[in-house]
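A.B. asks: Below is query.txt; it holds compact mmCIF, C-alpha atoms.
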# COMPACT_ATOMS: atom_id res chain seq x y z
CA MET P 1 223.52 105.10 100.84
CA THR P 2 220.26 104.70 98.95
CA ILE P 3 220.13 106.28 95.52
CA ILE P 4 216.81 107.93 94.66
CA TYR P 5 215.69 107.42 91.07
CA GLY P 6 212.86 109.16 89.27
CA LYS P 7 210.23 107.16 87.45
CA CYS P 8 212.12 107.98 84.24
CA GLY P 9 215.15 106.10 85.57
CA ASN P 10 217.40 109.11 86.04
CA ALA P 11 219.19 109.39 89.39
CA CYS P 12 217.78 112.35 91.28
CA GLU P 13 221.09 112.96 93.06
CA ILE P 14 222.72 114.15 89.81
CA CYS P 15 220.25 117.04 89.64
CA MET P 16 221.44 120.29 91.20
CA ASN P 17 217.93 120.93 92.52
CA TYR P 18 217.61 117.66 94.43
CA GLY P 19 217.43 118.25 98.18
CA SER P 20 217.03 122.02 97.97
CA LYS P 21 214.13 122.73 95.61
CA CYS P 22 213.02 119.17 94.91
CA MET P 23 212.71 115.86 96.76
CA GLY P 24 212.55 113.72 93.61
CA CYS P 25 209.75 113.08 91.17
CA VAL P 26 208.03 110.40 93.23
CA ALA P 27 207.76 112.60 96.33
CA GLU P 28 206.93 115.73 94.36
CA ASN P 29 204.23 114.07 92.23
CA GLU P 30 202.67 112.26 95.18
CA ASP P 31 202.67 115.42 97.32
CA ASN P 32 201.46 117.63 94.46
CA PRO P 33 199.15 115.55 92.28
CA GLY P 34 198.33 117.17 88.95
CA ILE P 35 200.85 120.00 89.37
CA TYR P 36 203.83 118.60 87.50
CA ASP P 37 201.97 116.05 85.37
CA CYS P 38 205.15 114.17 84.44
CA LEU P 39 204.56 111.84 81.49
CA PHE P 40 207.10 109.34 82.80
CA TYR P 41 205.70 109.33 86.32
CA ASN P 42 202.13 108.92 85.09
CA CYS P 43 203.04 106.17 82.64
CA ALA P 44 205.00 104.18 85.23
CA VAL P 45 202.17 104.49 87.77
CA ASP P 46 199.57 103.46 85.17
CA LYS P 47 201.65 100.40 84.26
CA GLY P 48 202.42 99.55 87.89
CA VAL P 49 206.21 99.62 87.51
CA ASP P 50 208.83 101.21 89.77
CA SER P 51 210.43 103.05 86.86
CA CYS P 52 210.75 103.02 83.11
CA LEU P 53 213.79 100.80 83.53
CA SER P 54 211.63 97.98 84.91
CA CYS P 55 208.98 98.24 82.19
CA VAL P 56 208.74 95.45 79.60
CA GLU P 57 208.23 98.10 76.90
CA TYR P 58 211.52 99.89 77.72
CA PRO P 59 212.87 101.59 75.65
CA CYS P 60 209.73 103.22 74.32
CA LYS P 61 208.78 106.42 72.49
CA LEU P 62 208.91 108.36 75.76
CA THR P 63 212.38 107.25 76.78
CA VAL P 64 214.21 107.34 73.43
CA GLY P 65 216.41 110.42 73.47
CA LEU P 66 215.66 111.23 77.12
CA SER P 67 218.25 113.69 78.39
CA ARG P 68 220.08 112.75 81.58
CA SER P 69 219.24 116.23 82.81
CA TYR P 70 215.49 115.75 82.25
CA CYS P 71 213.45 116.98 85.18
CA PRO P 72 209.80 117.97 84.70
CA ILE P 73 209.71 119.70 88.08
CA HIS P 74 212.70 121.95 87.41
CA SER P 75 211.60 122.53 83.78
CA LYS P 76 208.14 123.68 84.86
CA GLU P 77 209.65 126.04 87.46
CA GLN P 78 211.98 127.51 84.81
CA MET P 79 209.09 128.04 82.39
CA GLN P 80 206.99 129.72 85.08
CA SER P 81 209.81 132.06 86.13
CA SER P 82 210.56 133.03 82.50
CA GLU P 83 206.85 133.82 82.00
CA GLY P 84 206.82 136.04 85.06
CA GLY P 85 205.41 133.48 87.49
CA HIS P 86 202.15 132.79 85.64
Starting from the file, give its structure as structure tokens.

C.D. replies:
Amino acid sequence: MTIIYGKCGNACEICMNYGSKCMGCVAENEDNPGIYDCLFYNCAVDKGVDSCLSCVEYPCKLTVGLSRSYCPIHSKEQMQSSEGGH
């Protein structure tokens, strides 16, 4: 079984939204450029690394204190639904 990791290094399979609402940050960001605007995804792509975990600057300001439940896709959906879908 292949484990899917986000650019931040978190395993997507631990997220309750993976597979139903989300296909992982790589797929979601590539399929929807500019929509989620994940700082971790953008940074890893800019630096040409697979994930934060393979970056020579890890740990950095972005990753220090990163919650294991961090998910920019789910967070953005929650914010939109609490604002009435705007």

A.B. asks: Suppose you want the space between CA of Ile4 in chain P and CA of Met23 in chain P; what is it in Å?

C.D. replies: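 Rounded to one decimal, the two atoms are 9.2 Å apart.
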
A.B. asks: Excluding Cys52 in chain P and residues on its chain fewer than 2 positions from it, collect all residues at most 9 Å away from it, counting all atoms listed in the file, and give them as a count of residues only.

C.D. replies: 18

A.B. asks: Please determine, counting only C-alpha atoms, which residue among P:Lys21, P:Cys71, P:Gly34, P:Gly65 has the shortest atom-to-atom distance to Tyr5 in chain P.

C.D. replies: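 Closest to Tyr5 in chain P of all the choices is P:Cys71.
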
A.B. asks: Of the residues P:Ser67, P:Asp46, P:Cys38, P:Glu13, which is the one nearest to Cys25 in chain P, using only C-alpha atoms?

C.D. replies: P:Cys38

A.B. asks: When you draw a straight line from CA of Gly48 in chain P to CA of Asn17 in chain P, how long is it in Å?

C.D. replies: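 Rounded to one decimal, the two atoms are 26.8 Å apart.
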
A.B. asks: Could you state the separation of CA of Ser69 in chain P and CA of Ile14 in chain P in Å, given to one decimal place?

C.D. replies: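 Distance reported for this atom pair: 8.1 Å.
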
A.B. asks: Closest to Lys61 in chain P among P:Met16, P:Leu39, P:Ala11, P:Ile3, using all atoms listed in the file?

C.D. replies: P:Leu39
